$ cat my_file35.txt   # compact mmCIF, C-alpha atoms and all ligand atoms
# COMPACT_ATOMS: atom_id res chain seq x y z
CA MET A 7 14.77 -33.23 27.26
CA LYS A 8 13.07 -34.18 30.49
CA LYS A 9 14.06 -37.37 32.27
CA SER A 10 10.53 -38.71 32.14
CA VAL A 11 10.63 -38.53 28.38
CA PHE A 12 13.77 -40.56 28.26
CA VAL A 13 12.24 -43.16 30.56
CA SER A 14 9.10 -43.40 28.46
CA LEU A 15 11.14 -43.77 25.33
CA PHE A 16 13.28 -46.42 26.88
CA LEU A 17 10.27 -48.46 27.99
CA LEU A 18 8.63 -48.04 24.66
CA THR A 19 11.65 -49.27 22.73
CA LEU A 20 11.81 -52.36 24.95
CA PHE A 21 8.31 -53.39 23.99
CA LEU A 22 8.50 -52.66 20.34
CA PRO A 23 8.71 -55.71 18.07
CA LEU A 24 12.15 -55.98 16.56
CA SER A 25 10.84 -55.73 13.04
CA PHE A 26 9.51 -52.28 13.80
CA SER A 27 12.19 -50.97 16.05
CA LYS A 28 14.72 -49.96 13.52
CA SER A 29 14.54 -46.45 14.84
CA LEU A 30 12.47 -44.24 16.97
CA GLN A 31 11.74 -40.67 16.11
CA ILE A 32 10.39 -38.20 18.58
CA GLU A 33 9.06 -34.81 17.83
CA THR A 34 9.80 -32.83 20.93
CA ASP A 35 6.82 -30.57 20.30
CA HIS A 36 4.27 -33.33 20.69
CA LEU A 37 6.22 -36.28 22.09
CA GLU A 38 4.81 -38.35 19.28
CA THR A 39 6.55 -41.59 18.46
CA SER A 40 7.11 -42.80 14.98
CA LEU A 41 8.28 -46.10 13.60
CA SER A 42 9.74 -44.57 10.52
CA SER A 43 13.43 -44.38 9.94
CA SER A 44 13.00 -41.13 8.07
CA THR A 45 14.79 -38.20 9.56
CA GLN A 46 12.82 -35.56 7.68
CA THR A 47 10.37 -33.28 9.41
CA GLN A 48 9.03 -29.79 8.75
CA GLY A 49 9.43 -26.82 10.99
CA ALA A 50 10.21 -28.89 14.09
CA ILE A 51 13.28 -30.30 15.68
CA CYS A 52 13.33 -34.08 15.51
CA ILE A 53 15.64 -36.52 17.27
CA LEU A 54 16.43 -39.98 15.95
CA PHE A 55 17.60 -42.81 18.20
CA ASP A 56 19.00 -46.09 16.93
CA THR A 57 17.89 -49.08 18.96
CA PRO A 58 20.51 -51.66 19.98
CA GLU A 59 19.17 -53.95 17.24
CA SER A 60 19.89 -51.43 14.56
CA THR A 61 22.61 -52.31 12.11
CA SER A 62 23.34 -48.68 11.44
CA LYS A 63 26.73 -47.40 12.54
CA GLU A 64 25.70 -43.77 12.23
CA THR A 65 25.71 -41.48 15.20
CA PRO A 66 22.29 -40.04 16.06
CA ILE A 67 21.29 -37.46 13.50
CA THR A 68 18.35 -35.26 12.66
CA GLY A 69 17.03 -34.03 9.36
CA PRO A 70 17.18 -30.47 8.18
CA SER A 71 14.52 -28.08 9.35
CA ILE A 72 13.10 -24.70 8.44
CA VAL A 73 11.54 -22.52 11.08
CA LEU A 74 9.45 -19.60 9.88
CA ASN A 75 9.62 -16.32 11.73
CA GLY A 76 6.14 -14.99 12.37
CA GLU A 77 2.90 -16.69 11.51
CA GLU A 78 2.53 -19.38 8.89
CA THR A 79 -0.54 -17.56 7.65
CA LEU A 80 -0.05 -13.83 7.40
CA THR A 81 -2.86 -11.39 6.78
CA ILE A 82 -1.51 -8.07 5.59
CA PRO A 83 -3.11 -4.87 4.28
CA ALA A 84 -2.49 -4.14 0.61
CA ASP A 85 0.63 -2.02 0.32
CA PHE A 86 3.43 -1.03 -2.02
CA TYR A 87 5.84 -3.38 -0.28
CA PHE A 88 5.95 -6.75 1.42
CA THR A 89 8.70 -7.73 3.79
CA ASP A 90 9.02 -11.42 4.49
CA PRO A 91 9.38 -11.94 8.27
CA GLY A 92 12.09 -14.45 7.40
CA TYR A 93 13.09 -17.96 8.41
CA VAL A 94 16.01 -19.97 9.69
CA ALA A 95 17.16 -23.37 8.52
CA TYR A 96 19.39 -25.96 10.19
CA ASP A 97 21.04 -29.09 8.91
CA TYR A 98 21.17 -32.49 10.62
CA LEU A 99 24.01 -31.29 12.84
CA GLY A 100 22.11 -28.21 13.89
CA ASP A 101 24.29 -25.92 11.81
CA ASP A 102 22.70 -22.88 10.25
CA ILE A 103 22.01 -23.42 6.54
CA THR A 104 19.59 -20.53 6.12
CA ASP A 105 21.56 -19.27 3.14
CA ARG A 106 20.71 -22.47 1.26
CA VAL A 107 16.97 -21.92 1.46
CA ILE A 108 15.32 -21.60 -1.90
CA GLN A 109 12.18 -19.52 -1.88
CA GLU A 110 9.49 -19.98 -4.50
CA GLY A 111 6.31 -18.06 -5.10
CA GLU A 112 5.68 -14.36 -5.41
CA ILE A 113 3.56 -11.89 -3.55
CA ILE A 114 2.15 -8.86 -5.27
CA PRO A 115 1.55 -6.84 -2.12
CA TYR A 116 -0.73 -4.26 -3.74
CA LEU A 117 -3.03 -6.88 -5.31
CA VAL A 118 -5.66 -8.29 -2.99
CA GLY A 119 -5.49 -12.08 -2.98
CA THR A 120 -4.03 -15.16 -1.35
CA TYR A 121 -0.46 -16.13 -2.06
CA GLU A 122 1.83 -18.99 -1.08
CA LEU A 123 5.53 -18.86 -0.48
CA THR A 124 7.42 -22.14 -0.40
CA TYR A 125 10.81 -22.49 1.27
CA THR A 126 12.97 -25.51 0.60
CA VAL A 127 16.35 -26.43 2.00
CA THR A 128 18.58 -29.45 1.30
CA ASP A 129 21.37 -30.53 3.59
CA ASP A 130 24.64 -32.35 2.82
CA LEU A 131 22.88 -35.71 3.09
CA SER A 132 20.48 -34.63 0.35
CA GLN A 133 17.67 -34.53 2.87
CA THR A 134 15.14 -31.84 2.25
CA ALA A 135 12.91 -29.79 4.48
CA ARG A 136 10.10 -27.65 3.23
CA ALA A 137 7.90 -24.99 4.76
CA VAL A 138 4.99 -23.04 3.33
CA ARG A 139 3.72 -19.61 4.25
CA THR A 140 0.32 -18.35 3.18
CA VAL A 141 -0.03 -14.61 2.73
CA CYS A 142 -3.47 -13.04 2.49
CA VAL A 143 -3.41 -9.51 1.10
CA VAL A 144 -6.59 -7.70 2.14
CA PRO A 145 -7.90 -4.21 1.33
CA VAL A 146 -7.20 -1.43 3.78
CA GLU A 147 -10.37 -0.31 5.52
CA LEU A 148 -11.16 3.31 4.84
CA PRO A 149 -13.28 5.58 7.02
CA ASP A 150 -16.93 5.95 6.08
CA ILE A 151 -17.85 8.80 3.80
CA VAL A 152 -19.86 11.49 5.56
CA ASP A 153 -22.44 13.35 3.54
CA PRO A 154 -21.48 17.03 3.53
CA PRO A 155 -24.03 19.74 4.18
CA GLU A 156 -25.96 20.82 1.11
CA LYS A 157 -24.23 23.52 -0.94
CA THR A 158 -20.71 22.44 -0.06
CA VAL A 159 -17.88 23.54 -2.32
CA TYR A 160 -14.47 21.89 -2.33
CA LEU A 161 -11.99 24.15 -4.03
CA THR A 162 -9.05 22.10 -5.30
CA PHE A 163 -5.84 23.29 -6.91
CA ASP A 164 -3.59 21.08 -9.02
CA ASP A 165 -0.09 21.36 -10.43
CA GLY A 166 1.36 23.76 -7.86
CA PRO A 167 2.86 25.06 -5.81
CA CYS A 168 4.29 28.01 -7.69
CA ASN A 169 4.65 31.75 -7.26
CA ASN A 170 0.88 32.23 -7.64
CA THR A 171 0.21 30.00 -4.66
CA GLU A 172 1.17 32.73 -2.22
CA LYS A 173 -1.47 35.07 -3.60
CA LEU A 174 -3.98 32.25 -3.56
CA LEU A 175 -3.24 31.51 0.08
CA ASP A 176 -3.74 35.19 0.88
CA ILE A 177 -7.18 35.15 -0.76
CA LEU A 178 -8.22 32.01 1.09
CA LYS A 179 -6.98 33.50 4.34
CA LYS A 180 -8.94 36.69 3.77
CA TYR A 181 -12.16 34.66 3.78
CA ASP A 182 -10.96 32.01 6.22
CA VAL A 183 -11.80 29.40 3.58
CA LYS A 184 -10.02 26.04 3.49
CA ALA A 185 -9.18 24.34 0.21
CA THR A 186 -7.21 21.36 -1.09
CA PHE A 187 -3.85 21.37 -2.83
CA PHE A 188 -2.89 18.41 -5.00
CA ILE A 189 0.79 19.08 -5.21
CA VAL A 190 3.46 18.29 -7.77
CA GLY A 191 6.49 17.29 -5.71
CA SER A 192 9.15 18.36 -8.16
CA LYS A 193 7.90 21.97 -8.18
CA GLY A 194 9.71 22.92 -4.99
CA HIS A 195 8.23 25.87 -3.06
CA GLN A 196 8.06 23.69 -0.02
CA ASP A 197 7.57 26.75 2.15
CA LEU A 198 4.23 27.29 0.41
CA ILE A 199 3.14 23.71 0.97
CA ALA A 200 4.08 24.18 4.62
CA ARG A 201 2.10 27.39 4.81
CA ALA A 202 -0.95 25.79 3.17
CA TYR A 203 -0.79 22.94 5.63
CA GLN A 204 -0.33 25.21 8.65
CA GLU A 205 -3.27 27.34 7.58
CA GLY A 206 -5.57 24.33 7.59
CA HIS A 207 -5.72 23.37 3.92
CA SER A 208 -5.61 19.75 2.84
CA ILE A 209 -2.52 18.49 1.08
CA GLY A 210 -2.95 15.69 -1.40
CA VAL A 211 -0.62 14.08 -3.90
CA HIS A 212 -0.92 14.87 -7.58
CA CYS A 213 2.44 13.46 -8.64
CA PHE A 214 6.14 14.10 -8.36
CA ARG A 215 6.81 14.77 -12.03
CA HIS A 216 3.87 15.74 -14.22
CA GLU A 217 5.04 13.60 -17.14
CA PHE A 218 2.22 11.40 -18.37
CA ASN A 219 4.42 9.05 -20.39
CA GLU A 220 6.65 8.42 -17.41
CA ILE A 221 4.12 7.94 -14.65
CA TYR A 222 1.64 5.95 -16.71
CA ALA A 223 4.21 3.58 -18.20
CA ASN A 224 3.09 0.88 -15.74
CA GLU A 225 2.07 0.33 -12.13
CA GLN A 226 5.62 0.41 -10.81
CA ALA A 227 6.37 3.70 -12.52
CA TYR A 228 3.21 5.22 -11.10
CA PHE A 229 3.99 3.99 -7.59
CA ALA A 230 7.56 5.26 -7.72
CA ASP A 231 6.39 8.72 -8.70
CA PHE A 232 3.57 8.73 -6.15
CA LEU A 233 5.86 7.68 -3.33
CA LYS A 234 8.36 10.38 -4.15
CA ALA A 235 5.64 12.99 -3.81
CA GLN A 236 4.47 11.32 -0.60
CA GLU A 237 7.93 11.69 0.91
CA ILE A 238 7.80 15.42 0.30
CA VAL A 239 4.42 15.67 1.96
CA LYS A 240 5.71 13.66 4.91
CA GLU A 241 8.78 15.84 5.19
CA ILE A 242 6.69 18.98 5.35
CA THR A 243 3.59 17.89 7.25
CA GLY A 244 5.00 15.06 9.33
CA SER A 245 2.70 12.42 7.86
CA TYR A 246 1.70 10.84 4.58
CA THR A 247 -1.47 12.01 2.92
CA HIS A 248 -4.16 9.54 1.86
CA ILE A 249 -5.95 11.72 -0.63
CA PHE A 250 -4.75 12.23 -4.15
CA ARG A 251 -5.72 13.10 -7.69
CA PHE A 252 -4.46 11.25 -10.73
CA PRO A 253 -2.65 13.51 -13.19
CA GLY A 254 -5.20 14.06 -15.94
CA GLY A 255 -7.88 12.62 -13.64
CA SER A 256 -8.91 8.99 -13.40
CA ALA A 257 -10.68 9.24 -16.77
CA ASN A 258 -7.53 10.34 -18.57
CA THR A 259 -6.70 8.92 -21.95
CA VAL A 260 -3.02 9.81 -21.76
CA SER A 261 -2.47 6.44 -20.05
CA TYR A 262 -3.44 4.54 -23.21
CA ILE A 263 0.23 3.66 -23.55
CA ASN A 264 -0.59 0.92 -21.03
CA LYS A 265 -3.93 -0.71 -21.75
CA GLY A 266 -6.21 -1.00 -18.72
CA LEU A 267 -3.79 0.80 -16.44
CA MET A 268 -6.33 3.22 -14.93
CA THR A 269 -8.82 0.41 -14.31
CA ARG A 270 -6.15 -1.39 -12.33
CA LEU A 271 -4.65 1.65 -10.60
CA THR A 272 -7.96 3.05 -9.38
CA LYS A 273 -8.72 -0.21 -7.61
CA ILE A 274 -5.21 -0.83 -6.34
CA MET A 275 -4.84 2.64 -4.84
CA GLU A 276 -8.17 2.35 -3.03
CA ASP A 277 -7.29 -1.13 -1.80
CA MET A 278 -4.12 0.38 -0.35
CA GLY A 279 -6.13 2.96 1.59
CA TYR A 280 -5.95 6.00 -0.66
CA ARG A 281 -8.90 7.96 -1.98
CA TYR A 282 -8.72 9.77 -5.27
CA PHE A 283 -10.89 12.70 -6.24
CA ASP A 284 -11.97 13.80 -9.68
CA TRP A 285 -14.15 16.89 -10.12
CA ASN A 286 -17.57 18.00 -11.30
CA VAL A 287 -16.73 21.66 -11.90
CA CYS A 288 -13.77 22.59 -14.07
CA ALA A 289 -12.24 26.03 -14.49
CA ASP A 290 -10.74 25.07 -17.87
CA ASP A 291 -7.83 27.25 -16.88
CA VAL A 292 -4.93 25.40 -18.49
CA GLY A 293 -4.21 23.85 -21.84
CA SER A 294 -4.03 25.04 -25.39
CA VAL A 295 -7.56 26.44 -25.51
CA VAL A 296 -7.01 28.89 -22.68
CA ASP A 297 -7.82 32.30 -23.98
CA PHE A 298 -10.27 33.16 -21.28
CA THR A 299 -10.24 36.08 -18.95
CA THR A 300 -10.62 35.91 -15.21
CA ILE A 301 -14.25 37.00 -15.70
CA ASP A 302 -14.85 33.99 -17.97
CA ILE A 303 -13.37 31.64 -15.35
CA GLU A 304 -15.48 33.21 -12.59
CA ARG A 305 -18.62 32.75 -14.67
CA ARG A 306 -17.76 29.15 -15.45
CA LEU A 307 -17.07 28.33 -11.80
CA LYS A 308 -20.23 30.00 -10.51
CA SER A 309 -22.48 28.24 -12.98
CA GLY A 310 -20.77 24.91 -12.31
CA ILE A 311 -21.17 25.28 -8.57
CA GLN A 312 -24.84 26.16 -9.02
CA ARG A 313 -25.37 23.03 -11.11
CA HIS A 314 -24.07 20.88 -8.25
CA GLN A 315 -26.03 22.03 -5.23
CA GLU A 316 -25.36 18.78 -3.32
CA TYR A 317 -21.63 19.37 -3.48
CA ALA A 318 -19.14 20.70 -5.97
CA ILE A 319 -15.56 19.59 -6.35
CA VAL A 320 -13.93 22.38 -8.29
CA LEU A 321 -10.80 21.84 -10.34
CA GLN A 322 -8.45 24.78 -10.74
CA HIS A 323 -4.72 25.08 -11.30
CA ASP A 324 -2.69 27.47 -9.22
CA ILE A 325 -0.20 27.64 -12.09
CA SER A 326 -2.84 29.74 -13.87
CA TYR A 327 -2.67 33.29 -12.61
CA LEU A 328 -5.98 34.17 -14.28
CA SER A 329 -7.61 31.34 -12.43
CA ILE A 330 -6.19 32.36 -9.06
CA CYS A 331 -7.57 35.85 -9.57
CA ALA A 332 -11.06 34.38 -10.00
CA VAL A 333 -11.00 32.75 -6.57
CA ASP A 334 -11.63 35.99 -4.67
CA GLU A 335 -14.90 36.70 -6.45
CA VAL A 336 -16.05 33.05 -6.41
CA ILE A 337 -15.63 32.83 -2.63
CA ARG A 338 -17.27 36.21 -2.03
CA TRP A 339 -20.20 35.20 -4.19
CA GLY A 340 -20.37 31.68 -2.72
CA LEU A 341 -20.45 32.81 0.90
CA GLU A 342 -23.12 35.36 0.06
CA LYS A 343 -25.22 32.61 -1.58
CA GLY A 344 -24.89 30.34 1.46
CA TYR A 345 -22.25 27.91 0.21
CA THR A 346 -19.84 26.22 2.61
CA PHE A 347 -16.23 25.80 1.51
CA LEU A 348 -14.46 22.76 2.90
CA PRO A 349 -11.14 20.99 2.38
CA LEU A 350 -11.21 17.37 1.21
CA ASP A 351 -10.36 14.54 3.53
CA LEU A 352 -10.88 10.78 3.68
CA THR A 353 -14.50 11.21 4.77
CA SER A 354 -15.38 13.58 1.92
CA PRO A 355 -17.70 12.35 -0.82
CA VAL A 356 -15.68 10.71 -3.54
CA LEU A 357 -16.35 11.86 -7.01
CA HIS A 358 -15.11 9.46 -9.62
CA SER A 359 -15.31 9.88 -13.35
CA VAL A 360 -15.88 6.88 -15.56
CA VAL A 361 -12.49 5.33 -16.18
CA GLN A 362 -11.64 5.29 -19.89
CA ASN A 363 -8.65 3.03 -19.80
ZN ZN B 401 -2.24 18.07 -13.31
$ encode --input "my_file35.txt" --output "structure tokens"
Amino acid sequence: MKKSVFVSLFLLTLFLPLSFSKSLQIETDHLETSLSSSTQTQGAICILFDTPESTSKETPITGPSIVLNGEETLTIPADFYFTDPGYVAYDYLGDDITDRVIQEGEIIPYLVGTYELTYTVTDDLSQTARAVRTVCVVPVELPDIVDPPEKTVYLTFDDGPCNNTEKLLDILKKYDVKATFFIVGSKGHQDLIARAYQEGHSIGVHCFRHEFNEIYANEQAYFADFLKAQEIVKEITGSYTHIFRFPGGSANTVSYINKGLMTRLTKIMEDMGYRYFDWNVCADDVGSVVDFTTIDIERRLKSGIQRHQEYAIVLQHDISYLSICAVDEVIRWGLEKGYTFLPLDLTSPVLHSVVQN
């Protein structure tokens, strides 16, 4: 402490009436004087002097304190995780008592809102210090959507990669057409994901394990699966992808096991900076009713694309060999008719079905 402070304090104590001069407390931050004998302050070091008139035999002491690392008010983008920047706490002797801090309050980092965390510490003299941190979780800002040129077709392939994916990549390469792969992480074939990425196709997350009951059990289960798939994408492409497709689409009813889950997940994932894509043209190439030929799939895709002249987001599955075989003819026909084939990205038009759960 500076000498001038000591001098000021000394002069001040001389002129204080005895009845008020039991003790003098100085907050070093502001050099404020206080006539209280309390030793408790928040987030600041305080020093207590006994005046000569004091009857106390105690040596000079301070109260406990908690100092927050980082800002008292944090504004963070919605995310899967929140890491508290931490705090330190000291007792009246200046000893570290951080491990005695009790933290109350909870932050749900993926839910936009304002939260409060309260930290309390009590020293050996039963003196308590308290600090509060406010955490504002805000949505991640996404890039603006750019209207695509008329007659744009986004070919998208779910549930791969698999052995068929190689043939599919060959077809796309033949026409120099870029598409989008919503991958299932547990499928392996990472060389094919790498090839798709290197050849300019978009890689999005579908899931890690395509098990509806597992991934739609609750938010945490969905996140865990999603993040596992993300890690694979990162490993192969060097970065996380921000586009994805919900298994079964956002309008799925397989998530009924958890009421309202899709309503919550669709918002949460967008708040966290991810864009999901449903479709307006479906190949109907998987499932129990598949008894169609490649010709049937071609016909279905062509008529669907024609119905959506503004843009078509086409759902196919590369696990269906019949479907992959239809791609050649659909691209040939599409290019001839003046369609543009583009991969999806964060600026692509979102196409969202009406959520059913
Ligand atoms: Zn799927």
$ residues_near_ligand --input "my_file35.txt" --ligand "ligand ZN 401 (chain B)" --cutoff "8 Å" --atoms "all atoms listed in the file" --output "list in words"
Asp164, Asp165, Val190, His212, His216, Phe252, Pro253, Gly254, Gly255 and His323 of chain A
$ closest_residue --input "my_file35.txt" --among "A:Cys288, A:Pro349, A:Asn219, A:Leu131" --to "A:Tyr203" --atoms "all atoms listed in the file"
A:Pro349
$ closest_residue --input "my_file35.txt" --among "A:Val239, A:Ile301, A:Leu348, A:Val360" --to "A:Met268" --atoms "all atoms listed in the file"
A:Val360
$ closest_residue --input "my_file35.txt" --among "A:Asp102, A:Phe214, A:Val159, A:Tyr181" --to "A:Leu321" --atoms "all atoms listed in the file"
A:Val159
$ closest_residue --input "my_file35.txt" --among "A:Phe86, A:Tyr317, A:Phe232, A:Tyr327" --to "A:Trp285" --atoms "only C-alpha atoms"
A:Tyr317
$ residues_around --input "my_file35.txt" --residues "A:Ile151" --least-positions-apart "5" --cutoff "7 Å" --atoms "all atoms listed in the file" --output "list of chain:residue names"
A:Thr353, A:Ser354, A:Pro355
$ residues_near_point --input "my_file35.txt" --point "(-8.5, 20.0, -7.8)" --cutoff "10 Å" --atoms "only C-alpha atoms" --output "PyMOL selection string"
chain A and resi 160-165+185-189+210+212+250-251+255+283-289+319-324+350
$ write_last_selection --input "my_file35.txt" --atoms "C-alpha atoms" --output "mmCIF file, keeping the file's coordinate frame"
data_model
loop_
_atom_site.group_PDB
_atom_site.id
_atom_site.type_symbol
_atom_site.label_atom_id
_atom_site.label_comp_id
_atom_site.auth_asym_id
_atom_site.auth_seq_id
_atom_site.Cartn_x
_atom_site.Cartn_y
_atom_site.Cartn_z
ATOM 1 C CA TYR A 160 -14.470 21.890 -2.330
ATOM 2 C CA LEU A 161 -11.990 24.150 -4.030
ATOM 3 C CA THR A 162 -9.050 22.100 -5.300
ATOM 4 C CA PHE A 163 -5.840 23.290 -6.910
ATOM 5 C CA ASP A 164 -3.590 21.080 -9.020
ATOM 6 C CA ASP A 165 -0.090 21.360 -10.430
ATOM 7 C CA ALA A 185 -9.180 24.340 0.210
ATOM 8 C CA THR A 186 -7.210 21.360 -1.090
ATOM 9 C CA PHE A 187 -3.850 21.370 -2.830
ATOM 10 C CA PHE A 188 -2.890 18.410 -5.000
ATOM 11 C CA ILE A 189 0.790 19.080 -5.210
ATOM 12 C CA GLY A 210 -2.950 15.690 -1.400
ATOM 13 C CA HIS A 212 -0.920 14.870 -7.580
ATOM 14 C CA PHE A 250 -4.750 12.230 -4.150
ATOM 15 C CA ARG A 251 -5.720 13.100 -7.690
ATOM 16 C CA GLY A 255 -7.880 12.620 -13.640
ATOM 17 C CA PHE A 283 -10.890 12.700 -6.240
ATOM 18 C CA ASP A 284 -11.970 13.800 -9.680
ATOM 19 C CA TRP A 285 -14.150 16.890 -10.120
ATOM 20 C CA ASN A 286 -17.570 18.000 -11.300
ATOM 21 C CA VAL A 287 -16.730 21.660 -11.900
ATOM 22 C CA CYS A 288 -13.770 22.590 -14.070
ATOM 23 C CA ALA A 289 -12.240 26.030 -14.490
ATOM 24 C CA ILE A 319 -15.560 19.590 -6.350
ATOM 25 C CA VAL A 320 -13.930 22.380 -8.290
ATOM 26 C CA LEU A 321 -10.800 21.840 -10.340
ATOM 27 C CA GLN A 322 -8.450 24.780 -10.740
ATOM 28 C CA HIS A 323 -4.720 25.080 -11.300
ATOM 29 C CA ASP A 324 -2.690 27.470 -9.220
ATOM 30 C CA LEU A 350 -11.210 17.370 1.210
#
$ closest_residue --input "my_file35.txt" --among "A:Lys234, A:Lys343, A:Ala318, A:Ala257" --to "A:His358" --atoms "only C-alpha atoms"
A:Ala257
$ closest_residue --input "my_file35.txt" --among "A:Thr299, A:Thr89, A:Asn169, A:Ser261" --to "A:Ile199" --atoms "only C-alpha atoms"
A:Asn169
$ residues_around --input "my_file35.txt" --residues "A:Asp182" --least-positions-apart "5" --cutoff "10 Å" --atoms "all atoms listed in the file" --output "ChimeraX atom specification"
/A:175-177,205-206,347
$ atom_distance --input "my_file35.txt" --atom1 "atom CA of A:Thr124" --atom2 "atom CA of A:Phe88"
15.6 Å
$ atom_distance --input "my_file35.txt" --atom1 "atom CA of A:Gly111" --atom2 "atom CA of A:Ile274"
20.8 Å
$ atom_distance --input "my_file35.txt" --atom1 "atom CA of A:Ile72" --atom2 "atom CA of A:Ala95"
4.3 Å
$ residues_around --input "my_file35.txt" --residues "A:Lys265" --least-positions-apart "5" --cutoff "12 Å" --atoms "all atoms listed in the file" --output "list of chain:residue names"
A:Tyr222, A:Ala223, A:Asn224, A:Glu225, A:Thr259, A:Val260, A:Arg270, A:Leu271, A:Val361, A:Gln362, A:Asn363
$ write_last_selection --input "my_file35.txt" --atoms "C-alpha atoms" --output "PDB file, in the frame of the given file"
ATOM      1  CA  TYR A 222       1.640   5.950 -16.710  1.00  0.00           C
ATOM      2  CA  ALA A 223       4.210   3.580 -18.200  1.00  0.00           C
ATOM      3  CA  ASN A 224       3.090   0.880 -15.740  1.00  0.00           C
ATOM      4  CA  GLU A 225       2.070   0.330 -12.130  1.00  0.00           C
ATOM      5  CA  THR A 259      -6.700   8.920 -21.950  1.00  0.00           C
ATOM      6  CA  VAL A 260      -3.020   9.810 -21.760  1.00  0.00           C
ATOM      7  CA  ARG A 270      -6.150  -1.390 -12.330  1.00  0.00           C
ATOM      8  CA  LEU A 271      -4.650   1.650 -10.600  1.00  0.00           C
ATOM      9  CA  VAL A 361     -12.490   5.330 -16.180  1.00  0.00           C
ATOM     10  CA  GLN A 362     -11.640   5.290 -19.890  1.00  0.00           C
ATOM     11  CA  ASN A 363      -8.650   3.030 -19.800  1.00  0.00           C
TER      12      ASN A 363
END
$ residues_around --input "my_file35.txt" --residues "A:Asp231" --least-positions-apart "6" --cutoff "7 Å" --atoms "all atoms listed in the file" --output "list in words"
Cys213, Phe214, Arg215 and Ile221 of chain A
$ residues_around --input "my_file35.txt" --residues "A:Tyr280" --least-positions-apart "3" --cutoff "9 Å" --atoms "all atoms listed in the file" --output "ChimeraX atom specification"
/A:146,148,247-250,274-277,352
$ build_atoms --input "my_file35.txt" --residues "stretch 78-93 of chain A" --atoms "N, CA and C atoms" --output "PDB file, in the frame of the given file"
ATOM      1  N   GLU A  78       2.548 -18.648  10.156  1.00  0.00           N
ATOM      2  CA  GLU A  78       2.530 -19.380   8.890  1.00  0.00           C
ATOM      3  C   GLU A  78       1.526 -18.774   7.926  1.00  0.00           C
ATOM      4  N   THR A  79       0.435 -18.259   8.479  1.00  0.00           N
ATOM      5  CA  THR A  79      -0.540 -17.560   7.650  1.00  0.00           C
ATOM      6  C   THR A  79      -0.539 -16.095   8.058  1.00  0.00           C
ATOM      7  N   LEU A  80      -0.131 -15.269   7.116  1.00  0.00           N
ATOM      8  CA  LEU A  80      -0.050 -13.830   7.400  1.00  0.00           C
ATOM      9  C   LEU A  80      -1.205 -13.126   6.703  1.00  0.00           C
ATOM     10  N   THR A  81      -1.856 -12.241   7.407  1.00  0.00           N
ATOM     11  CA  THR A  81      -2.860 -11.390   6.780  1.00  0.00           C
ATOM     12  C   THR A  81      -2.323  -9.967   6.824  1.00  0.00           C
ATOM     13  N   ILE A  82      -2.131  -9.403   5.651  1.00  0.00           N
ATOM     14  CA  ILE A  82      -1.510  -8.070   5.590  1.00  0.00           C
ATOM     15  C   ILE A  82      -2.368  -7.125   4.748  1.00  0.00           C
ATOM     16  N   PRO A  83      -2.389  -5.840   5.115  1.00  0.00           N
ATOM     17  CA  PRO A  83      -3.110  -4.870   4.280  1.00  0.00           C
ATOM     18  C   PRO A  83      -2.363  -4.642   2.975  1.00  0.00           C
ATOM     19  N   ALA A  84      -3.112  -4.422   1.910  1.00  0.00           N
ATOM     20  CA  ALA A  84      -2.490  -4.140   0.610  1.00  0.00           C
ATOM     21  C   ALA A  84      -1.541  -2.951   0.761  1.00  0.00           C
ATOM     22  N   ASP A  85      -0.385  -3.072   0.157  1.00  0.00           N
ATOM     23  CA  ASP A  85       0.630  -2.020   0.320  1.00  0.00           C
ATOM     24  C   ASP A  85       1.591  -2.069  -0.859  1.00  0.00           C
ATOM     25  N   PHE A  86       2.434  -1.067  -0.936  1.00  0.00           N
ATOM     26  CA  PHE A  86       3.430  -1.030  -2.020  1.00  0.00           C
ATOM     27  C   PHE A  86       4.474  -2.126  -1.825  1.00  0.00           C
ATOM     28  N   TYR A  87       4.735  -2.467  -0.577  1.00  0.00           N
ATOM     29  CA  TYR A  87       5.840  -3.380  -0.280  1.00  0.00           C
ATOM     30  C   TYR A  87       5.354  -4.567   0.545  1.00  0.00           C
ATOM     31  N   PHE A  88       6.131  -5.640   0.482  1.00  0.00           N
ATOM     32  CA  PHE A  88       5.950  -6.750   1.420  1.00  0.00           C
ATOM     33  C   PHE A  88       7.331  -7.154   1.921  1.00  0.00           C
ATOM     34  N   THR A  89       7.443  -7.265   3.213  1.00  0.00           N
ATOM     35  CA  THR A  89       8.700  -7.730   3.790  1.00  0.00           C
ATOM     36  C   THR A  89       8.463  -9.085   4.437  1.00  0.00           C
ATOM     37  N   ASP A  90       9.139 -10.085   3.927  1.00  0.00           N
ATOM     38  CA  ASP A  90       9.020 -11.420   4.490  1.00  0.00           C
ATOM     39  C   ASP A  90       9.591 -11.423   5.907  1.00  0.00           C
ATOM     40  N   PRO A  91       8.846 -11.913   6.895  1.00  0.00           N
ATOM     41  CA  PRO A  91       9.380 -11.940   8.270  1.00  0.00           C
ATOM     42  C   PRO A  91      10.599 -12.837   8.410  1.00  0.00           C
ATOM     43  N   GLY A  92      10.858 -13.665   7.400  1.00  0.00           N
ATOM     44  CA  GLY A  92      12.090 -14.450   7.400  1.00  0.00           C
ATOM     45  C   GLY A  92      11.935 -15.854   7.938  1.00  0.00           C
ATOM     46  N   TYR A  93      13.067 -16.548   8.031  1.00  0.00           N
ATOM     47  CA  TYR A  93      13.090 -17.960   8.410  1.00  0.00           C
ATOM     48  C   TYR A  93      14.513 -18.304   8.791  1.00  0.00           C
TER      49      TYR A  93
END
